[in-house]
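K.L.:
Structure file upload16.cif (mmCIF, C-alpha atoms) is given on the next line.
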```
data_coords
loop_
_atom_site.label_atom_id
_atom_site.label_comp_id
_atom_site.auth_asym_id
_atom_site.auth_seq_id
_atom_site.Cartn_x
_atom_site.Cartn_y
_atom_site.Cartn_z
CA MET I 1 87.08 64.95 40.92
CA GLU I 2 90.52 64.05 39.65
CA THR I 3 91.94 66.08 36.81
CA SER I 4 95.21 66.02 34.97
CA ALA I 5 96.86 68.54 32.72
CA LEU I 6 100.27 69.47 31.49
CA ALA I 7 99.73 73.12 32.50
CA PRO I 8 98.44 75.60 33.38
CA ILE I 9 96.36 74.74 36.43
CA ILE I 10 94.04 77.66 35.53
CA ASP I 11 92.76 77.83 31.96
CA LYS I 12 94.46 80.89 30.46
CA ASN I 13 91.21 81.94 28.76
CA SER I 14 89.04 81.64 31.87
CA THR I 15 87.57 84.31 34.11
CA LYS I 16 89.81 83.06 36.92
CA ALA I 17 92.93 83.64 34.84
CA LEU I 18 91.73 87.17 34.11
CA ILE I 19 91.14 87.77 37.82
CA VAL I 20 94.71 86.68 38.56
CA GLN I 21 95.98 88.99 35.84
CA VAL I 22 94.01 91.98 37.16
CA LEU I 23 95.03 91.43 40.79
CA SER I 24 98.64 90.96 39.73
CA GLU I 25 98.58 94.41 38.15
CA LYS I 26 96.28 96.07 40.71
CA PRO I 27 96.44 94.29 44.07
CA LEU I 28 93.86 94.82 46.80
CA LEU I 29 90.58 95.47 45.01
CA THR I 30 87.07 95.17 46.38
CA LEU I 31 84.69 92.87 44.53
CA LYS I 32 83.03 95.89 42.90
CA GLU I 33 86.39 97.32 41.82
CA LEU I 34 87.55 93.94 40.55
CA HIS I 35 84.37 93.45 38.52
CA ALA I 36 84.76 96.89 36.97
CA GLN I 37 88.28 95.99 35.83
CA LEU I 38 87.13 92.65 34.44
CA GLU I 39 84.33 94.28 32.45
CA LYS I 40 86.91 96.31 30.55
CA GLN I 41 88.25 93.07 29.08
CA LYS I 42 85.35 90.63 29.18
CA GLN I 43 81.57 90.77 29.26
CA LEU I 44 80.30 89.00 32.38
CA SER I 45 77.78 89.51 35.15
CA TYR I 46 78.55 90.64 38.68
CA GLN I 47 77.22 87.27 39.88
CA ALA I 48 79.71 85.43 37.65
CA THR I 49 82.57 87.48 39.08
CA HIS I 50 81.35 86.81 42.62
CA LYS I 51 81.09 83.07 41.95
CA ALA I 52 84.57 82.86 40.42
CA VAL I 53 86.11 84.80 43.31
CA ASN I 54 84.44 82.57 45.92
CA GLU I 55 85.69 79.45 44.13
CA MET I 56 89.21 80.88 44.01
CA ILE I 57 89.13 81.54 47.75
CA ILE I 58 88.12 77.92 48.38
CA GLU I 59 90.87 76.76 46.00
CA GLY I 60 93.44 78.81 47.89
CA ILE I 61 94.20 81.12 44.96
CA LEU I 62 92.81 84.31 46.50
CA LEU I 63 92.61 85.75 49.99
CA LYS I 64 89.92 88.10 51.32
CA ARG I 65 91.16 90.69 53.79
CA ASP I 66 89.23 92.17 56.69
CA ASP I 67 88.67 95.34 54.65
CA LYS I 68 86.85 93.19 52.03
CA LYS I 69 89.63 93.60 49.50
CA TYR I 70 91.01 90.65 47.58
CA GLU I 71 94.59 89.66 46.88
CA ILE I 72 96.46 86.75 45.35
CA ASN I 73 97.54 84.12 47.87
CA LYS I 74 101.34 84.31 47.92
CA ALA I 75 101.57 80.64 48.96
CA TRP I 76 99.64 79.64 45.84
CA ALA I 77 101.86 81.84 43.67
CA THR I 78 104.95 80.24 45.18
CA GLN I 79 103.61 76.78 44.40
CA LEU I 80 103.04 77.81 40.80
CA GLU I 81 106.62 79.06 40.57
CA GLU I 82 107.86 75.66 41.77
CA ILE I 83 105.71 73.90 39.19
CA ALA I 84 106.89 76.27 36.46
CA LYS I 85 110.53 75.55 37.31
CA LEU I 86 109.89 71.83 37.01
CA LEU I 87 108.14 72.29 33.68
CA GLN I 88 110.95 74.47 32.37
CA LYS I 89 113.61 72.04 33.53
CA ASN I 90 111.93 69.04 31.97
CA SER I 91 111.01 70.77 28.72
CA LYS I 92 114.71 70.71 27.84
CA SER I 93 114.82 66.92 27.86
CA LYS I 94 112.76 63.90 26.93
CA ASP I 95 111.29 63.87 30.44
CA TYR I 96 107.70 64.91 31.02
CA VAL I 97 105.62 66.45 33.77
CA GLN I 98 101.94 65.82 34.41
CA ILE I 99 99.78 67.44 37.08
CA TYR I 100 96.87 65.83 38.92
CA VAL I 101 94.46 67.75 41.15
CA TYR I 102 92.34 66.24 43.93
CA GLU I 103 89.49 67.79 45.92
CA THR I 104 90.04 65.94 49.22
CA PHE I 105 92.89 64.26 51.05
CA GLU I 106 90.98 60.99 50.78
CA LYS I 107 90.91 61.22 46.97
CA PHE I 108 94.56 62.27 46.95
CA VAL I 109 95.60 59.17 48.90
CA THR I 110 93.62 56.95 46.53
CA GLY I 111 95.22 58.73 43.58
CA ILE I 112 98.80 58.52 44.82
CA ILE I 113 98.45 54.83 45.70
CA ARG I 114 97.18 53.98 42.24
CA LEU I 115 99.71 56.17 40.43
CA VAL I 116 102.63 54.66 42.31
CA HIS I 117 101.23 51.14 42.02
CA ASP I 118 100.90 51.45 38.24
CA ALA I 119 104.26 53.17 37.66
CA PRO I 120 106.71 50.83 35.89
CA ASN I 121 109.74 49.71 37.87
CA PRO I 122 111.20 46.77 35.92
CA LYS I 123 114.59 46.99 37.64
CA LYS I 124 112.92 46.80 41.08
CA LEU I 125 114.73 49.96 42.19
CA PRO I 126 114.12 50.94 45.82
CA GLY I 127 111.20 53.27 46.33
CA VAL I 128 111.87 56.39 48.40
CA CYS I 129 109.57 58.87 50.07
CA ILE I 130 109.94 62.04 52.11
CA THR I 131 107.14 63.85 53.92
CA LYS I 132 106.96 66.55 56.56
CA HIS I 133 104.43 64.37 58.38
CA ALA I 134 103.45 60.83 57.45
CA TRP I 135 100.37 60.78 55.22
CA PRO I 136 97.71 59.30 57.53
CA PRO I 137 96.69 55.85 56.20
CA ILE I 138 93.21 56.31 57.65
CA GLY I 139 89.94 55.71 55.84
CA LEU I 140 91.41 53.62 53.03
CA SER I 141 89.00 51.45 51.09
CA LYS I 142 89.68 47.72 51.08
CA GLN I 143 90.81 47.95 47.45
CA ASP I 144 93.23 50.82 48.12
CA TYR I 145 94.62 49.07 51.20
CA GLU I 146 95.28 45.93 49.17
CA LEU I 147 96.92 47.98 46.40
CA LEU I 148 99.13 49.68 48.99
CA LEU I 149 100.22 46.35 50.44
CA GLU I 150 100.86 45.05 46.94
CA LEU I 151 103.05 47.97 45.88
CA LEU I 152 105.02 47.71 49.13
CA THR I 153 105.86 44.09 48.27
CA GLN I 154 107.02 44.96 44.75
CA THR I 155 110.24 46.53 46.05
CA GLU I 156 111.80 47.96 49.21
CA TYR I 157 110.46 51.35 50.29
CA TYR I 158 112.36 53.89 52.37
CA ASP I 159 110.28 56.62 54.00
CA ILE I 160 111.46 59.73 55.88
CA SER I 161 109.14 61.95 57.93
CA THR I 162 111.19 65.04 58.70
CA LYS I 163 109.23 66.15 61.78
CA ASP I 164 109.88 64.13 64.93
CA THR I 165 106.60 63.85 66.82
CA PRO I 166 105.05 61.09 68.97
CA LEU I 167 102.12 60.80 66.56
CA GLY I 168 104.55 60.59 63.66
CA LYS I 169 106.23 57.65 65.37
CA ALA I 170 102.84 56.01 65.89
CA PHE I 171 102.07 56.27 62.18
CA ALA I 172 105.60 55.02 61.43
CA LYS I 173 104.92 51.80 63.34
CA THR I 174 101.83 51.24 61.19
CA LEU I 175 103.82 51.82 58.01
CA GLU I 176 106.63 49.53 59.19
CA LYS I 177 104.11 46.74 59.77
CA MET I 178 103.01 47.24 56.16
CA GLY I 179 106.58 46.76 54.95
CA LYS I 180 108.15 50.24 54.81
CA ASN I 181 111.51 51.26 56.23
CA VAL I 182 110.86 54.48 58.15
CA ILE I 183 112.86 57.28 59.75
CA VAL I 184 111.00 59.82 61.89
CA GLY I 185 112.90 63.04 62.45
CA SER I 186 115.59 64.13 60.02
CA LYS I 187 117.53 67.25 59.05
CA ILE I 188 117.13 66.34 55.41
CA THR I 189 115.06 68.96 53.56
CA SER I 190 112.72 68.96 50.59
CA PRO I 191 110.50 71.80 49.32
CA LEU I 192 107.71 69.30 48.62
CA ASP I 193 106.64 65.91 49.92
CA PHE I 194 107.40 63.26 47.33
CA ILE I 195 107.44 59.56 46.58
CA CYS I 196 109.70 58.07 43.94
CA THR I 197 109.43 54.68 42.28
CA GLY I 198 111.43 53.56 39.26
CA ASN I 199 111.99 56.68 37.14
CA ASP I 200 108.76 58.31 38.29
CA VAL I 201 108.64 61.06 40.91
CA PHE I 202 105.35 62.18 42.46
CA GLU I 203 105.66 65.50 44.30
CA VAL I 204 102.78 66.82 46.36
CA VAL I 205 101.59 70.40 46.79
CA PHE I 206 99.26 70.85 49.77
CA GLU I 207 97.23 73.96 50.43
CA GLU I 208 98.61 75.94 53.35
CA SER I 209 95.47 75.19 55.41
CA VAL I 210 96.06 71.43 55.08
CA GLN I 211 99.68 71.76 56.14
CA LYS I 212 98.65 73.81 59.18
CA GLU I 213 96.09 71.19 60.20
CA LEU I 214 98.69 68.43 59.85
CA ASP I 215 101.11 70.46 61.99
CA ARG I 216 98.43 71.00 64.63
CA ILE I 217 97.30 67.38 64.79
CA PHE I 218 100.79 65.90 64.83
CA ASN I 219 101.84 68.30 67.60
CA GLN I 220 98.64 67.95 69.63
CA TYR I 221 98.31 64.18 69.96
CA LYS I 222 100.79 61.79 71.50
CA THR I 223 99.13 58.54 70.46
CA LEU I 224 96.91 57.34 67.65
CA ASP I 225 93.83 57.19 69.86
CA GLU I 226 90.17 57.63 68.94
CA ASN I 227 90.32 61.42 69.33
CA ALA I 228 93.32 61.66 67.02
CA ILE I 229 91.69 59.42 64.42
CA ASN I 230 88.44 61.42 64.49
CA ASP I 231 90.37 64.69 64.20
CA VAL I 232 92.28 63.37 61.19
CA LEU I 233 89.08 62.11 59.55
CA GLN I 234 87.16 65.35 60.07
CA ASN I 235 89.86 67.94 59.46
CA ILE I 236 92.19 66.19 57.01
CA ILE I 237 90.75 63.17 55.22
CA THR I 238 87.30 64.35 54.17
CA LYS I 239 87.65 68.15 54.32
CA PRO I 240 87.40 69.91 50.91
CA THR I 241 90.74 71.21 49.69
CA GLN I 242 92.94 71.13 46.61
CA ILE I 243 95.97 68.86 46.50
CA LYS I 244 98.21 68.68 43.47
CA ILE I 245 100.46 65.81 42.45
CA ILE I 246 103.28 66.78 40.10
CA HIS I 247 104.29 63.62 38.25
CA THR I 248 107.74 63.80 36.69
CA ASN I 249 109.19 60.95 34.66
CA SER I 250 112.95 61.48 34.71
CA GLU I 251 115.67 58.91 35.26
CA ASN I 252 118.22 61.52 36.37
CA TYR I 253 115.84 63.28 38.75
CA ALA I 254 114.63 60.00 40.25
CA GLN I 255 118.20 58.76 40.76
CA LYS I 256 119.16 62.02 42.46
CA LEU I 257 116.28 61.80 44.94
CA ARG I 258 116.79 58.08 45.55
CA LYS I 259 120.46 58.60 46.30
CA LYS I 260 119.63 61.41 48.73
CA ILE I 261 117.17 59.32 50.74
CA LEU I 262 119.18 56.10 50.77
CA LYS I 263 122.25 58.01 51.95
CA GLU I 264 120.21 59.28 54.91
CA PHE I 265 119.20 55.72 55.79
CA GLU I 266 122.85 54.63 55.63
CA LYS I 267 123.80 57.40 58.07
CA ASN I 268 120.92 56.47 60.35
CA ASN I 269 121.87 52.78 60.35
CA LYS I 270 125.47 53.67 61.26
CA LYS I 271 124.25 55.73 64.23
CA GLU I 272 122.11 52.87 65.46
CA GLY I 273 125.06 50.49 65.07
CA ASP I 274 127.45 52.65 67.11
#
```
As structure tokens, how would this structure be written, given the file I've shared?

P.N.:
Amino acid sequence: METSALAPIIDKNSTKALIVQVLSEKPLLTLKELHAQLEKQKQLSYQATHKAVNEMIIEGILLKRDDKKYEINKAWATQLEEIAKLLQKNSKSKDYVQIYVYETFEKFVTGIIRLVHDAPNPKKLPGVCITKHAWPPIGLSKQDYELLLELLTQTEYYDISTKDTPLGKAFAKTLEKMGKNVIVGSKITSPLDFICTGNDVFEVVFEESVQKELDRIFNQYKTLDENAINDVLQNIITKPTQIKIIHTNSENYAQKLRKKILKEFEKNNKKEGD
């Protein structure tokens, strides 16, 4: 399922929002203790509480400790803070922010390809992208692959993968064949992966579990062999997760990011020329 909303990611009137509120005020509650607190504010069954909590664990919002007590996932809270800052920043201008949520990496890749493909770029400004690890272009449908090739011919794209790994370089070769300019290994930093085209910026928030799997796979394999591909398919592409795309339309923000990436490519080209 793909969803989009201006904010919040959790409906403020939902049971899940109430659970977050309760655990924010009283961290580390058992399911029984949590349900008792919820009942003071809302009439619901124990089964409904249990179901909501289980869903929130899958979504990466809550963590269950060994002592069977629940707490808010700090990584999720940090991601929300980043989103809130973007919303606050853009609410002061004519820019806008929209959030999309995807249930698998496969659906995320389809979504990001179509969003970027459809984003207007009448001036044919260079597209720029930064990722910790290259997003594996594995398992694409024929339609998505053709859309990807099409968007890469619309303008020049400059892609930086900050982590220098052999597998990252293997993916880079694939992307270069598709038309991207790629740097693997860079000291440039970004709190979130992003791709920018025209005045549109698409920033990506991965669950911590996805990022850990990407780290493991990119550090474990040296080449894009059958084992690596199967590992990516099983533990990244099709595995249930929650990936958010934060879509910001802002000329100033896009220009700032574009300048940052293109400057890095200029420095890299000078090094290669020396």

K.L.:
What does the PyMOL selection byres ((chain I and resi 231) around 12) select in this file, as a ChimeraX atom specification?

P.N.:
/I:136,138,213-214,216-218,220-221,224-230,232-239

K.L.:
The PyMOL selection byres ((chain I and resi 149) around 12) - which residues does that actually catch in the file I just gave you? List them as a list in words.

P.N.:
Ile113, Arg114, Val116, His117, Pro137, Leu140, Lys142, Gln143, Asp144, Tyr145, Glu146, Leu147, Leu148, Glu150, Leu151, Leu152, Thr153, Gln154, Thr155, Glu156, Tyr157, Thr174, Leu175, Glu176, Lys177, Met178, Gly179 and Lys180 of chain I

K.L.:
The PyMOL selection byres ((chain I and resi 258-274) around 8) - which residues does that actually catch in the file I just gave you? List them as a list in words.

P.N.:
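Listing what the PyMOL selection byres ((chain I and resi 258-274) around 8) selects in the shown file: Pro126, Gly127, Val128, Cys129, Ile130, Tyr158, Ile160, Ile183, Ile188, Cys196, Ala254, Gln255, Lys256 and Leu257 of chain I.
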
K.L.:
With distances taken over only C-alpha atoms, which residue among I:Thr30, I:Asn73, I:Asn121, I:Thr15 lies nearest Ala48 of chain I?

P.N.:
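Of I:Thr30, I:Asn73, I:Asn121, I:Thr15, the one nearest Ala48 of chain I, counting only C-alpha atoms, is I:Thr15.
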
K.L.:
I'd like the interatomic distance between atom CA of Val201 of chain I and atom CA of Asp118 of chain I, to a tenth of an Å.

P.N.:
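Atom CA of Asp118 of chain I lies at a distance of 12.6 Å from atom CA of Val201 of chain I.
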
K.L.:
Can you tell me which residues surround Thr131 of chain I at a distance of at most 9 Å, considering only C-alpha atoms, apart from same-chain residues fewer than 4 positions away, and format the answer as a ChimeraX atom specification?

P.N.:
/I:135,159-163,190,192-195

K.L.:
Have a look at I:Ile58, I:Ile246, I:Ile72, I:Ile19 and name the one nearest to Glu103 of chain I; count all atoms listed in the file.

P.N.:
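Between I:Ile58, I:Ile246, I:Ile72, I:Ile19, the residue approaching Glu103 of chain I most closely is I:Ile58.
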
K.L.:
Quick check, in Å to one decimal: how far apart do atom CA of Leu28 of chain I and atom CA of Met56 of chain I lie?

P.N.:
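Value for the atom CA of Leu28 of chain I-atom CA of Met56 of chain I distance: 15.0 Å.
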
K.L.:
Missing atoms in segment 201-212 of chain I should be modelled up to all heavy atoms and reported as a PDB file, in the coordinates of the input.

P.N.:
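Writing done, so here's out_15.pdb:
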```
ATOM      1  N   VAL I 201     108.640  60.285  39.667  1.00  0.00           N
ATOM      2  CA  VAL I 201     108.640  61.060  40.910  1.00  0.00           C
ATOM      3  C   VAL I 201     107.275  61.739  41.041  1.00  0.00           C
ATOM      4  O   VAL I 201     106.805  62.396  40.106  1.00  0.00           O
ATOM      5  CB  VAL I 201     109.749  62.123  40.914  1.00  0.00           C
ATOM      6  CG1 VAL I 201     109.711  62.915  42.222  1.00  0.00           C
ATOM      7  CG2 VAL I 201     111.114  61.477  40.714  1.00  0.00           C
ATOM      8  N   PHE I 202     106.656  61.571  42.200  1.00  0.00           N
ATOM      9  CA  PHE I 202     105.350  62.180  42.460  1.00  0.00           C
ATOM     10  C   PHE I 202     105.515  63.167  43.620  1.00  0.00           C
ATOM     11  O   PHE I 202     105.670  62.766  44.774  1.00  0.00           O
ATOM     12  CB  PHE I 202     104.322  61.101  42.815  1.00  0.00           C
ATOM     13  CG  PHE I 202     104.156  60.052  41.751  1.00  0.00           C
ATOM     14  CD1 PHE I 202     104.915  58.884  41.783  1.00  0.00           C
ATOM     15  CD2 PHE I 202     103.266  60.232  40.703  1.00  0.00           C
ATOM     16  CE1 PHE I 202     104.778  57.911  40.799  1.00  0.00           C
ATOM     17  CE2 PHE I 202     103.120  59.269  39.712  1.00  0.00           C
ATOM     18  CZ  PHE I 202     103.876  58.106  39.758  1.00  0.00           C
ATOM     19  N   GLU I 203     105.520  64.458  43.288  1.00  0.00           N
ATOM     20  CA  GLU I 203     105.660  65.500  44.300  1.00  0.00           C
ATOM     21  C   GLU I 203     104.290  66.079  44.628  1.00  0.00           C
ATOM     22  O   GLU I 203     103.438  66.207  43.747  1.00  0.00           O
ATOM     23  CB  GLU I 203     106.610  66.586  43.802  1.00  0.00           C
ATOM     24  CG  GLU I 203     108.034  66.058  43.625  1.00  0.00           C
ATOM     25  CD  GLU I 203     108.948  67.055  42.956  1.00  0.00           C
ATOM     26  OE1 GLU I 203     108.748  67.318  41.760  1.00  0.00           O
ATOM     27  OE2 GLU I 203     109.874  67.557  43.621  1.00  0.00           O
ATOM     28  N   VAL I 204     104.105  66.446  45.888  1.00  0.00           N
ATOM     29  CA  VAL I 204     102.780  66.820  46.360  1.00  0.00           C
ATOM     30  C   VAL I 204     102.757  68.262  46.855  1.00  0.00           C
ATOM     31  O   VAL I 204     103.610  68.670  47.645  1.00  0.00           O
ATOM     32  CB  VAL I 204     102.324  65.877  47.501  1.00  0.00           C
ATOM     33  CG1 VAL I 204     100.910  66.226  47.945  1.00  0.00           C
ATOM     34  CG2 VAL I 204     102.400  64.419  47.044  1.00  0.00           C
ATOM     35  N   VAL I 205     101.777  69.006  46.371  1.00  0.00           N
ATOM     36  CA  VAL I 205     101.590  70.400  46.790  1.00  0.00           C
ATOM     37  C   VAL I 205     100.288  70.475  47.586  1.00  0.00           C
ATOM     38  O   VAL I 205      99.201  70.316  47.039  1.00  0.00           O
ATOM     39  CB  VAL I 205     101.507  71.345  45.573  1.00  0.00           C
ATOM     40  CG1 VAL I 205     101.349  72.791  46.043  1.00  0.00           C
ATOM     41  CG2 VAL I 205     102.744  71.202  44.693  1.00  0.00           C
ATOM     42  N   PHE I 206     100.424  70.695  48.897  1.00  0.00           N
ATOM     43  CA  PHE I 206      99.260  70.850  49.770  1.00  0.00           C
ATOM     44  C   PHE I 206      98.909  72.325  49.900  1.00  0.00           C
ATOM     45  O   PHE I 206      99.792  73.185  49.890  1.00  0.00           O
ATOM     46  CB  PHE I 206      99.548  70.303  51.173  1.00  0.00           C
ATOM     47  CG  PHE I 206      99.739  68.816  51.236  1.00  0.00           C
ATOM     48  CD1 PHE I 206     100.980  68.282  51.549  1.00  0.00           C
ATOM     49  CD2 PHE I 206      98.689  67.950  50.991  1.00  0.00           C
ATOM     50  CE1 PHE I 206     101.174  66.916  51.621  1.00  0.00           C
ATOM     51  CE2 PHE I 206      98.869  66.577  51.056  1.00  0.00           C
ATOM     52  CZ  PHE I 206     100.113  66.055  51.373  1.00  0.00           C
ATOM     53  N   GLU I 207      97.618  72.606  50.067  1.00  0.00           N
ATOM     54  CA  GLU I 207      97.230  73.960  50.430  1.00  0.00           C
ATOM     55  C   GLU I 207      97.781  74.270  51.818  1.00  0.00           C
ATOM     56  O   GLU I 207      97.958  73.378  52.649  1.00  0.00           O
ATOM     57  CB  GLU I 207      95.700  74.100  50.437  1.00  0.00           C
ATOM     58  CG  GLU I 207      95.094  74.156  49.050  1.00  0.00           C
ATOM     59  CD  GLU I 207      93.608  74.486  49.086  1.00  0.00           C
ATOM     60  OE1 GLU I 207      92.978  74.300  50.149  1.00  0.00           O
ATOM     61  OE2 GLU I 207      93.083  74.927  48.055  1.00  0.00           O
ATOM     62  N   GLU I 208      98.033  75.538  52.070  1.00  0.00           N
ATOM     63  CA  GLU I 208      98.610  75.940  53.350  1.00  0.00           C
ATOM     64  C   GLU I 208      97.725  75.517  54.523  1.00  0.00           C
ATOM     65  O   GLU I 208      98.223  75.125  55.581  1.00  0.00           O
ATOM     66  CB  GLU I 208      98.799  77.463  53.362  1.00  0.00           C
ATOM     67  CG  GLU I 208      99.562  77.981  54.569  1.00  0.00           C
ATOM     68  CD  GLU I 208      99.813  79.476  54.504  1.00  0.00           C
ATOM     69  OE1 GLU I 208      99.379  80.106  53.514  1.00  0.00           O
ATOM     70  OE2 GLU I 208     100.434  80.005  55.431  1.00  0.00           O
ATOM     71  N   SER I 209      96.401  75.558  54.331  1.00  0.00           N
ATOM     72  CA  SER I 209      95.470  75.190  55.410  1.00  0.00           C
ATOM     73  C   SER I 209      95.626  73.719  55.793  1.00  0.00           C
ATOM     74  O   SER I 209      95.532  73.359  56.972  1.00  0.00           O
ATOM     75  CB  SER I 209      94.031  75.467  54.979  1.00  0.00           C
ATOM     76  OG  SER I 209      93.697  74.739  53.809  1.00  0.00           O
ATOM     77  N   VAL I 210      95.867  72.861  54.808  1.00  0.00           N
ATOM     78  CA  VAL I 210      96.060  71.430  55.080  1.00  0.00           C
ATOM     79  C   VAL I 210      97.346  71.219  55.868  1.00  0.00           C
ATOM     80  O   VAL I 210      97.385  70.462  56.842  1.00  0.00           O
ATOM     81  CB  VAL I 210      96.102  70.618  53.772  1.00  0.00           C
ATOM     82  CG1 VAL I 210      96.437  69.154  54.058  1.00  0.00           C
ATOM     83  CG2 VAL I 210      94.775  70.716  53.045  1.00  0.00           C
ATOM     84  N   GLN I 211      98.402  71.905  55.453  1.00  0.00           N
ATOM     85  CA  GLN I 211      99.680  71.760  56.140  1.00  0.00           C
ATOM     86  C   GLN I 211      99.587  72.230  57.590  1.00  0.00           C
ATOM     87  O   GLN I 211     100.152  71.617  58.501  1.00  0.00           O
ATOM     88  CB  GLN I 211     100.770  72.538  55.401  1.00  0.00           C
ATOM     89  CG  GLN I 211     102.179  72.131  55.775  1.00  0.00           C
ATOM     90  CD  GLN I 211     102.477  70.681  55.450  1.00  0.00           C
ATOM     91  OE1 GLN I 211     102.548  70.297  54.298  1.00  0.00           O
ATOM     92  NE2 GLN I 211     102.655  69.863  56.474  1.00  0.00           N
ATOM     93  N   LYS I 212      98.830  73.303  57.811  1.00  0.00           N
ATOM     94  CA  LYS I 212      98.650  73.810  59.180  1.00  0.00           C
ATOM     95  C   LYS I 212      97.886  72.815  60.040  1.00  0.00           C
ATOM     96  O   LYS I 212      98.198  72.625  61.221  1.00  0.00           O
ATOM     97  CB  LYS I 212      97.930  75.160  59.148  1.00  0.00           C
ATOM     98  CG  LYS I 212      98.805  76.318  58.689  1.00  0.00           C
ATOM     99  CD  LYS I 212      98.041  77.633  58.741  1.00  0.00           C
ATOM    100  CE  LYS I 212      98.938  78.800  58.348  1.00  0.00           C
ATOM    101  NZ  LYS I 212      98.203  80.094  58.365  1.00  0.00           N
TER     102      LYS I 212
END
```
